[in-house]
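One file, coords_29.cif, is given below (mmCIF, C-alpha atoms and all ligand atoms).
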data_final
#
loop_
_atom_site.label_atom_id
_atom_site.label_comp_id
_atom_site.auth_asym_id
_atom_site.auth_seq_id
_atom_site.Cartn_x
_atom_site.Cartn_y
_atom_site.Cartn_z
CA MET A 1 0.00 0.00 0.00
CA ALA A 2 2.86 2.34 0.83
CA GLU A 3 4.28 1.71 -2.61
CA LYS A 4 0.86 2.52 -4.11
CA GLN A 5 0.65 5.73 -2.11
CA ARG A 6 4.08 6.69 -3.32
CA GLY A 7 2.96 5.88 -6.84
CA ARG A 8 -0.09 8.12 -6.48
CA ALA A 9 2.07 10.90 -5.12
CA SER A 10 4.33 10.53 -8.08
CA ASP A 11 1.32 10.65 -10.38
CA ARG A 12 0.34 13.94 -8.84
CA LEU A 13 3.80 15.13 -9.62
CA ARG A 14 3.00 14.69 -13.25
CA SER A 15 5.27 17.52 -14.19
CA GLY A 16 8.08 16.00 -12.15
CA ILE A 17 10.42 13.12 -12.75
CA SER A 18 11.38 10.90 -9.85
CA ARG A 19 14.64 9.07 -10.09
CA ARG A 20 12.83 5.76 -10.49
CA ASP A 21 10.57 7.18 -13.20
CA PHE A 22 13.60 8.64 -14.86
CA LEU A 23 15.39 5.31 -15.00
CA ARG A 24 12.26 3.54 -16.20
CA GLY A 25 11.61 6.04 -18.92
CA SER A 26 15.11 6.89 -19.98
CA GLY A 27 15.20 4.41 -22.86
CA ALA A 28 11.95 5.68 -24.36
CA LEU A 29 13.04 9.24 -23.71
CA ALA A 30 16.27 8.72 -25.60
CA ALA A 31 14.36 7.37 -28.60
CA ALA A 32 11.84 10.20 -28.44
CA THR A 33 14.62 12.73 -28.21
CA ALA A 34 16.27 11.31 -31.30
CA LEU A 35 12.98 11.50 -33.18
CA ARG A 36 12.40 15.07 -32.12
CA THR A 37 15.90 15.94 -33.15
CA ALA A 38 15.19 14.64 -36.60
CA THR A 39 11.72 16.05 -37.13
CA GLU A 40 10.94 18.94 -34.84
CA ALA A 41 14.09 20.72 -33.87
CA ALA A 42 14.53 22.32 -37.23
CA ALA A 43 10.94 23.60 -37.14
CA ALA A 44 11.08 24.98 -33.58
CA PRO A 45 11.77 28.71 -33.29
CA ALA A 46 15.15 29.47 -31.81
CA GLY A 47 15.00 29.87 -28.04
CA ALA A 48 11.46 28.44 -27.79
CA ALA A 49 12.41 25.57 -25.48
CA SER A 50 12.17 26.20 -21.75
CA VAL A 51 15.40 24.85 -20.34
CA VAL A 52 16.63 25.32 -16.80
CA GLY A 53 20.05 24.59 -15.39
CA PRO A 54 22.49 23.05 -15.23
CA GLY A 55 23.45 25.90 -12.92
CA PRO A 56 21.47 26.92 -9.82
CA VAL A 57 17.93 28.20 -10.39
CA PRO A 58 15.42 29.66 -7.93
CA VAL A 59 13.45 26.95 -6.13
CA THR A 60 10.73 27.66 -3.56
CA LEU A 61 9.83 24.89 -1.13
CA THR A 62 7.09 24.85 1.50
CA VAL A 63 8.40 22.70 4.32
CA ASN A 64 6.55 22.21 7.59
CA GLY A 65 4.50 25.32 6.91
CA GLN A 66 7.46 27.55 6.15
CA THR A 67 8.40 28.96 2.76
CA HIS A 68 12.06 28.60 1.76
CA ARG A 69 13.56 30.33 -1.26
CA LEU A 70 16.66 28.52 -2.44
CA LYS A 71 18.98 28.45 -5.42
CA LEU A 72 19.53 24.87 -6.49
CA GLU A 73 20.77 23.02 -9.51
CA PRO A 74 17.78 21.23 -11.08
CA ARG A 75 19.47 17.86 -10.45
CA VAL A 76 19.29 18.31 -6.63
CA THR A 77 16.95 15.86 -4.94
CA LEU A 78 14.42 16.88 -2.34
CA LEU A 79 16.41 14.87 0.21
CA ASP A 80 19.62 16.77 -0.47
CA ALA A 81 17.76 20.08 -0.45
CA LEU A 82 16.31 19.29 2.97
CA ARG A 83 19.52 17.95 4.48
CA ASN A 84 22.18 20.12 2.84
CA HIS A 85 20.39 23.40 2.28
CA LEU A 86 17.72 23.59 4.98
CA ASP A 87 19.54 21.71 7.74
CA LEU A 88 16.57 19.35 8.15
CA THR A 89 18.47 16.11 8.70
CA GLY A 90 15.64 13.94 10.03
CA ALA A 91 15.12 12.23 6.69
CA LYS A 92 18.11 9.93 6.23
CA LYS A 93 20.14 9.13 3.13
CA VAL A 94 20.77 5.38 3.14
CA CYS A 95 20.31 3.74 -0.26
CA ASP A 96 19.73 6.99 -2.19
CA ARG A 97 17.90 4.99 -4.84
CA GLY A 98 14.32 4.52 -3.66
CA THR A 99 14.52 1.14 -1.98
CA CYS A 100 14.79 1.53 1.80
CA GLY A 101 12.40 4.28 2.92
CA ALA A 102 14.83 5.98 5.33
CA CYS A 103 14.30 9.27 3.49
CA THR A 104 10.49 9.20 3.63
CA VAL A 105 8.75 12.57 3.88
CA LEU A 106 5.16 13.52 3.10
CA LEU A 107 4.20 15.39 -0.04
CA ASP A 108 0.65 16.69 0.17
CA GLY A 109 0.12 14.08 2.88
CA ALA A 110 1.41 11.10 0.89
CA PRO A 111 4.71 9.37 1.70
CA VAL A 112 7.45 9.73 -0.90
CA TYR A 113 11.10 8.76 -1.06
CA ALA A 114 12.76 12.17 -0.88
CA CYS A 115 15.86 10.73 -2.56
CA SER A 116 13.76 10.03 -5.65
CA VAL A 117 12.01 13.37 -6.03
CA LEU A 118 13.76 16.38 -7.50
CA ALA A 119 13.52 19.46 -5.31
CA ILE A 120 12.45 21.53 -8.28
CA ASP A 121 9.47 19.22 -8.76
CA ALA A 122 8.43 19.51 -5.12
CA GLN A 123 7.60 23.17 -5.61
CA GLY A 124 3.96 24.00 -5.00
CA HIS A 125 3.48 20.97 -2.78
CA LYS A 126 3.13 20.78 0.98
CA ILE A 127 6.20 19.00 2.36
CA GLU A 128 6.17 17.51 5.86
CA THR A 129 9.29 16.14 7.53
CA VAL A 130 9.76 14.41 10.85
CA GLU A 131 10.89 17.73 12.32
CA ALA A 132 7.27 18.90 12.12
CA LEU A 133 6.20 16.35 14.74
CA SER A 134 6.36 17.37 18.38
CA PRO A 135 8.27 15.02 20.70
CA ASP A 136 4.99 13.98 22.32
CA HIS A 137 3.31 13.16 19.01
CA PRO A 138 1.37 9.88 19.50
CA MET A 139 3.40 8.11 16.82
CA ILE A 140 6.76 9.05 18.32
CA GLN A 141 5.57 8.15 21.80
CA ALA A 142 4.26 4.80 20.59
CA PHE A 143 7.58 3.94 18.91
CA VAL A 144 9.29 4.62 22.24
CA ASP A 145 6.74 2.70 24.30
CA HIS A 146 6.88 -0.37 22.04
CA ASP A 147 10.64 -0.39 21.39
CA GLY A 148 10.00 0.24 17.71
CA LEU A 149 13.64 1.13 17.11
CA GLN A 150 17.15 0.02 17.81
CA CYS A 151 19.85 2.03 16.02
CA GLY A 152 17.14 4.51 15.00
CA PHE A 153 18.46 5.22 11.54
CA CYS A 154 15.34 4.00 9.77
CA THR A 155 13.02 5.49 12.38
CA PRO A 156 12.29 8.99 11.00
CA GLY A 157 11.30 7.49 7.67
CA PHE A 158 9.19 4.82 9.36
CA VAL A 159 7.50 7.42 11.56
CA MET A 160 6.55 9.61 8.61
CA ALA A 161 5.27 6.65 6.59
CA ALA A 162 3.37 5.49 9.67
CA VAL A 163 1.81 8.91 10.25
CA ALA A 164 0.50 9.01 6.68
CA PHE A 165 -0.77 5.45 7.01
CA ALA A 166 -2.42 6.05 10.38
CA ARG A 167 -4.21 9.17 9.16
CA GLN A 168 -5.89 7.02 6.51
CA ASN A 169 -6.30 3.86 8.59
CA PRO A 170 -7.20 4.69 12.20
CA GLU A 171 -8.64 1.21 12.86
CA CYS A 172 -5.78 -0.72 11.32
CA SER A 173 -4.61 -4.17 12.39
CA GLU A 174 -0.99 -5.27 12.66
CA GLU A 175 -1.47 -7.11 9.37
CA ASP A 176 -2.62 -3.86 7.75
CA VAL A 177 0.46 -2.08 9.11
CA CYS A 178 2.68 -4.81 7.72
CA ARG A 179 1.30 -4.20 4.23
CA GLY A 180 1.00 -0.42 4.62
CA LEU A 181 4.61 0.09 5.63
CA SER A 182 6.09 -2.42 3.20
CA GLY A 183 8.06 0.37 1.51
CA ASN A 184 10.26 0.84 4.56
CA ILE A 185 13.08 -1.42 5.74
CA CYS A 186 14.53 -1.78 9.24
CA ARG A 187 17.86 -3.52 9.20
CA CYS A 188 17.72 -3.98 12.98
CA GLY A 189 14.49 -5.96 12.59
CA THR A 190 12.28 -4.02 14.96
CA TYR A 191 9.14 -4.83 13.00
CA VAL A 192 7.20 -6.35 15.92
CA GLY A 193 7.48 -3.17 17.97
CA ILE A 194 6.76 -0.97 14.96
CA ARG A 195 3.56 -2.85 14.15
CA GLU A 196 2.33 -2.58 17.73
CA ALA A 197 3.27 1.10 17.87
CA VAL A 198 1.44 2.05 14.69
CA VAL A 199 -1.77 0.24 15.68
CA GLU A 200 -1.80 2.03 19.03
CA ALA A 201 -0.85 5.46 17.66
CA ALA A 202 -3.39 5.27 14.83
CA ARG A 203 -6.22 5.00 17.36
CA LYS A 204 -4.81 7.84 19.46
CA MET A 205 -4.29 10.07 16.46
CA ARG A 206 -7.90 9.87 15.38
CA GLY A 207 -9.46 13.21 16.15
CA ALA A 208 -6.31 14.55 17.80
CA ALA A 209 -5.26 18.05 16.75
CA ASN A 210 -2.11 18.29 14.61
CA ALA A 211 -1.91 14.52 14.24
S1 LIG A 301 17.49 6.74 0.96
FE1 LIG A 301 15.67 7.09 -0.15
S2 LIG A 301 14.72 5.16 -0.27
FE2 LIG A 301 16.63 4.76 0.68
S1 LIG A 302 16.28 0.64 14.03
FE1 LIG A 302 18.15 0.23 13.01
S2 LIG A 302 17.63 0.15 10.94
FE2 LIG A 302 15.74 0.29 11.95
#
Just give me the structure of the file as structure tokens.
Ligand code: FES
Ligand code: FES
Amino acid sequence: MAEKQRGRASDRLRSGISRRDFLRGSGALAAATALRTATEAAAAPAGAASVVGPGPVPVTLTVNGQTHRLKLEPRVTLLDALRNHLDLTGAKKVCDRGTCGACTVLLDGAPVYACSVLAIDAQGHKIETVEALSPDHPMIQAFVDHDGLQCGFCTPGFVMAAVAFARQNPECSEEDVCRGLSGNICRCGTYVGIREAVVEAARKMRGAANA
């Protein structure tokens, strides 16, 4: 389900290209580019194409309710923009290729791998990171109470994925959580505690302000 949610989020970013989408579509894109080169380029008026980069361009991000105006190269991922330019280091860079979930943040409420979204494509969307959650947020408290972490490196990503899941599934079972958080990996194997934590927090979050 988490993968589906990420897919839907990516669909909403129709104008954007995630890293995974990019890899998937690069072959077709190369062919299309060659065709355009042969047929259209000559017909296009000089300077008609809208090209940005490769140097830094203005990028405006709305993160945790605050507007940030940055200058970033278009190739910069949302994860690197958060960590290296906004000093928001909660989302972790582990695989950097959309497989582990350690970098999960919410985009318009849906979990996405921040390493696989370009910052420039996150403009105009509401970005939530783990820093937005207060220390006594029900999900954080539940992770603590149920020992849902060991080294903690995967935890911010798990917490954000869990918050998005719990908002949609307040009456979830542990089985539901298992499926819903399948896009996140914990190398320490704390899944039992995580499942218990999310079930408990989901019920507490229902109706709670700022949950
Ligand atoms: S660091 Fe983004 S999915 Fe692993
Ligand atoms: S707590 Fe160590 S990777 Fe999850």
Give one line per residue of chain A that approaches ligand LIG 301 (chain A) to at most 8 Å, naming the two atoms of the closest pair and their distance in Å to one decimal, counting only C-alpha atoms and all ligand atoms; sort by chain then ascending residue number and deliver it as CSV.
residue,atom,partner,partner_atom,distance
A:Leu79,CA,A:LIG301,FE1,7.8
A:Lys92,CA,A:LIG301,S1,6.2
A:Lys93,CA,A:LIG301,S1,4.2
A:Val94,CA,A:LIG301,S1,4.2
A:Cys95,CA,A:LIG301,FE2,3.9
A:Asp96,CA,A:LIG301,S1,3.9
A:Arg97,CA,A:LIG301,S2,5.6
A:Gly98,CA,A:LIG301,S2,3.5
A:Thr99,CA,A:LIG301,S2,4.4
A:Cys100,CA,A:LIG301,FE2,3.9
A:Gly101,CA,A:LIG301,S2,4.0
A:Ala102,CA,A:LIG301,FE2,5.1
A:Cys103,CA,A:LIG301,FE1,4.5
A:Thr104,CA,A:LIG301,FE1,6.8
A:Tyr113,CA,A:LIG301,FE1,4.9
A:Ala114,CA,A:LIG301,FE1,5.9
A:Cys115,CA,A:LIG301,FE1,4.4
A:Ser116,CA,A:LIG301,FE1,6.5
A:Asn184,CA,A:LIG301,S2,7.9
Selection to disk with C-alpha atoms, as a PDB file, in the frame of the given file:
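And here's part-v8.pdb as it stands now:
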ATOM      1  CA  LEU A  79      16.410  14.870   0.210  1.00  0.00           C
ATOM      2  CA  LYS A  92      18.110   9.930   6.230  1.00  0.00           C
ATOM      3  CA  LYS A  93      20.140   9.130   3.130  1.00  0.00           C
ATOM      4  CA  VAL A  94      20.770   5.380   3.140  1.00  0.00           C
ATOM      5  CA  CYS A  95      20.310   3.740  -0.260  1.00  0.00           C
ATOM      6  CA  ASP A  96      19.730   6.990  -2.190  1.00  0.00           C
ATOM      7  CA  ARG A  97      17.900   4.990  -4.840  1.00  0.00           C
ATOM      8  CA  GLY A  98      14.320   4.520  -3.660  1.00  0.00           C
ATOM      9  CA  THR A  99      14.520   1.140  -1.980  1.00  0.00           C
ATOM     10  CA  CYS A 100      14.790   1.530   1.800  1.00  0.00           C
ATOM     11  CA  GLY A 101      12.400   4.280   2.920  1.00  0.00           C
ATOM     12  CA  ALA A 102      14.830   5.980   5.330  1.00  0.00           C
ATOM     13  CA  CYS A 103      14.300   9.270   3.490  1.00  0.00           C
ATOM     14  CA  THR A 104      10.490   9.200   3.630  1.00  0.00           C
ATOM     15  CA  TYR A 113      11.100   8.760  -1.060  1.00  0.00           C
ATOM     16  CA  ALA A 114      12.760  12.170  -0.880  1.00  0.00           C
ATOM     17  CA  CYS A 115      15.860  10.730  -2.560  1.00  0.00           C
ATOM     18  CA  SER A 116      13.760  10.030  -5.650  1.00  0.00           C
ATOM     19  CA  ASN A 184      10.260   0.840   4.560  1.00  0.00           C
TER      20      ASN A 184
END
Residue list as a PyMOL selection string for point (16.9, 18.4, 1.3), cut-off 12 Å, all atoms listed in the file
chain A and resi 59+61-63+68+70+72+76-93+103-105+113-120+122+127-129
Any chance you can output those residues with C-alpha atoms as a short mmCIF file (atom, residue, chain, number, x, y, z; two decimals), in the frame of the given file?
data_model
loop_
_atom_site.label_atom_id
_atom_site.label_comp_id
_atom_site.auth_asym_id
_atom_site.auth_seq_id
_atom_site.Cartn_x
_atom_site.Cartn_y
_atom_site.Cartn_z
CA VAL A 59 13.45 26.95 -6.13
CA LEU A 61 9.83 24.89 -1.13
CA THR A 62 7.09 24.85 1.50
CA VAL A 63 8.40 22.70 4.32
CA HIS A 68 12.06 28.60 1.76
CA LEU A 70 16.66 28.52 -2.44
CA LEU A 72 19.53 24.87 -6.49
CA VAL A 76 19.29 18.31 -6.63
CA THR A 77 16.95 15.86 -4.94
CA LEU A 78 14.42 16.88 -2.34
CA LEU A 79 16.41 14.87 0.21
CA ASP A 80 19.62 16.77 -0.47
CA ALA A 81 17.76 20.08 -0.45
CA LEU A 82 16.31 19.29 2.97
CA ARG A 83 19.52 17.95 4.48
CA ASN A 84 22.18 20.12 2.84
CA HIS A 85 20.39 23.40 2.28
CA LEU A 86 17.72 23.59 4.98
CA ASP A 87 19.54 21.71 7.74
CA LEU A 88 16.57 19.35 8.15
CA THR A 89 18.47 16.11 8.70
CA GLY A 90 15.64 13.94 10.03
CA ALA A 91 15.12 12.23 6.69
CA LYS A 92 18.11 9.93 6.23
CA LYS A 93 20.14 9.13 3.13
CA CYS A 103 14.30 9.27 3.49
CA THR A 104 10.49 9.20 3.63
CA VAL A 105 8.75 12.57 3.88
CA TYR A 113 11.10 8.76 -1.06
CA ALA A 114 12.76 12.17 -0.88
CA CYS A 115 15.86 10.73 -2.56
CA SER A 116 13.76 10.03 -5.65
CA VAL A 117 12.01 13.37 -6.03
CA LEU A 118 13.76 16.38 -7.50
CA ALA A 119 13.52 19.46 -5.31
CA ILE A 120 12.45 21.53 -8.28
CA ALA A 122 8.43 19.51 -5.12
CA ILE A 127 6.20 19.00 2.36
CA GLU A 128 6.17 17.51 5.86
CA THR A 129 9.29 16.14 7.53
#
Kindly work out which residues sit at most 6 Å from ligand LIG 302 (chain A), using only C-alpha atoms and all ligand atoms, and give the list as a PDB file with C-alpha atoms, in the coordinates of the input.
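The resulting file, out.pdb, is shown below:
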ATOM      1  CA  LEU A 149      13.640   1.130  17.110  1.00  0.00           C
ATOM      2  CA  GLN A 150      17.150   0.020  17.810  1.00  0.00           C
ATOM      3  CA  CYS A 151      19.850   2.030  16.020  1.00  0.00           C
ATOM      4  CA  GLY A 152      17.140   4.510  15.000  1.00  0.00           C
ATOM      5  CA  PHE A 153      18.460   5.220  11.540  1.00  0.00           C
ATOM      6  CA  CYS A 154      15.340   4.000   9.770  1.00  0.00           C
ATOM      7  CA  THR A 155      13.020   5.490  12.380  1.00  0.00           C
ATOM      8  CA  CYS A 186      14.530  -1.780   9.240  1.00  0.00           C
ATOM      9  CA  ARG A 187      17.860  -3.520   9.200  1.00  0.00           C
ATOM     10  CA  CYS A 188      17.720  -3.980  12.980  1.00  0.00           C
TER      11      CYS A 188
END
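Within 12 Å of the file-frame point (-6.6, 8.7, 19.8), and using all atoms listed in the file, the polymer residues found are His137, Pro138, Met139, Ala142, Ala166, Arg167, Pro170, Glu171, Val198, Val199, Glu200, Ala201, Ala202, Arg203, Lys204, Met205, Arg206, Gly207, Ala208, Ala209, Asn210 and Ala211 of chain A.
Note that atom CA of A:Tyr191 and atom CA of A:Asp147 are 9.6 Å apart.
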One decimal place gives the atom CA of A:Pro56-atom CA of A:Gly124 separation as 18.4 Å
Separating atom CA of A:Val163 from atom CA of A:Ala110, to the nearest tenth of an Å, is a gap of 9.6 Å
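Of the residues under consideration (A:Val52, A:Gln123, A:Thr190, A:Asp145), A:Gln123 shows the shortest atom-to-atom contact distance to A:Arg69 when counting all atoms listed in the file.
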Closest of A:Ser134, A:Gly183, A:Lys71, A:Pro111 to A:Gly53, counting all atoms listed in the file, is A:Lys71
Could you model N, CA and C atoms for stretch 180-193 of chain A and present them as an mmCIF file, in the frame of the given file?
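After the write, out.cif holds the following:
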data_model
loop_
_atom_site.group_PDB
_atom_site.id
_atom_site.type_symbol
_atom_site.label_atom_id
_atom_site.label_comp_id
_atom_site.auth_asym_id
_atom_site.auth_seq_id
_atom_site.Cartn_x
_atom_site.Cartn_y
_atom_site.Cartn_z
ATOM 1 N N GLY A 180 0.961 -1.864 4.848
ATOM 2 C CA GLY A 180 1.000 -0.420 4.620
ATOM 3 C C GLY A 180 2.388 0.173 4.692
ATOM 4 N N LEU A 181 3.254 -0.437 5.481
ATOM 5 C CA LEU A 181 4.610 0.090 5.630
ATOM 6 C C LEU A 181 5.638 -0.775 4.900
ATOM 7 N N SER A 182 5.185 -1.497 3.899
ATOM 8 C CA SER A 182 6.090 -2.420 3.200
ATOM 9 C C SER A 182 7.167 -1.687 2.397
ATOM 10 N N GLY A 183 7.031 -0.385 2.241
ATOM 11 C CA GLY A 183 8.060 0.370 1.510
ATOM 12 C C GLY A 183 9.204 0.824 2.378
ATOM 13 N N ASN A 184 9.183 0.441 3.644
ATOM 14 C CA ASN A 184 10.260 0.840 4.560
ATOM 15 C C ASN A 184 10.956 -0.391 5.123
ATOM 16 N N ILE A 185 12.275 -0.290 5.258
ATOM 17 C CA ILE A 185 13.080 -1.420 5.740
ATOM 18 C C ILE A 185 13.782 -1.035 7.031
ATOM 19 N N CYS A 186 13.751 -1.962 7.999
ATOM 20 C CA CYS A 186 14.530 -1.780 9.240
ATOM 21 C C CYS A 186 15.559 -2.890 9.311
ATOM 22 N N ARG A 187 16.799 -2.504 9.194
ATOM 23 C CA ARG A 187 17.860 -3.520 9.200
ATOM 24 C C ARG A 187 18.061 -4.122 10.587
ATOM 25 N N CYS A 188 17.614 -3.429 11.621
ATOM 26 C CA CYS A 188 17.720 -3.980 12.980
ATOM 27 C C CYS A 188 16.571 -4.945 13.277
ATOM 28 N N GLY A 189 15.577 -4.995 12.423
ATOM 29 C CA GLY A 189 14.490 -5.960 12.590
ATOM 30 C C GLY A 189 13.549 -5.647 13.728
ATOM 31 N N THR A 190 13.166 -4.395 13.858
ATOM 32 C CA THR A 190 12.280 -4.020 14.960
ATOM 33 C C THR A 190 10.810 -4.026 14.548
ATOM 34 N N TYR A 191 10.480 -4.872 13.595
ATOM 35 C CA TYR A 191 9.140 -4.830 13.000
ATOM 36 C C TYR A 191 8.019 -5.122 14.011
ATOM 37 N N VAL A 192 8.266 -6.011 14.955
ATOM 38 C CA VAL A 192 7.200 -6.350 15.920
ATOM 39 C C VAL A 192 6.793 -5.109 16.702
ATOM 40 N N GLY A 193 7.784 -4.384 17.215
ATOM 41 C CA GLY A 193 7.480 -3.170 17.970
ATOM 42 C C GLY A 193 6.847 -2.101 17.102
#
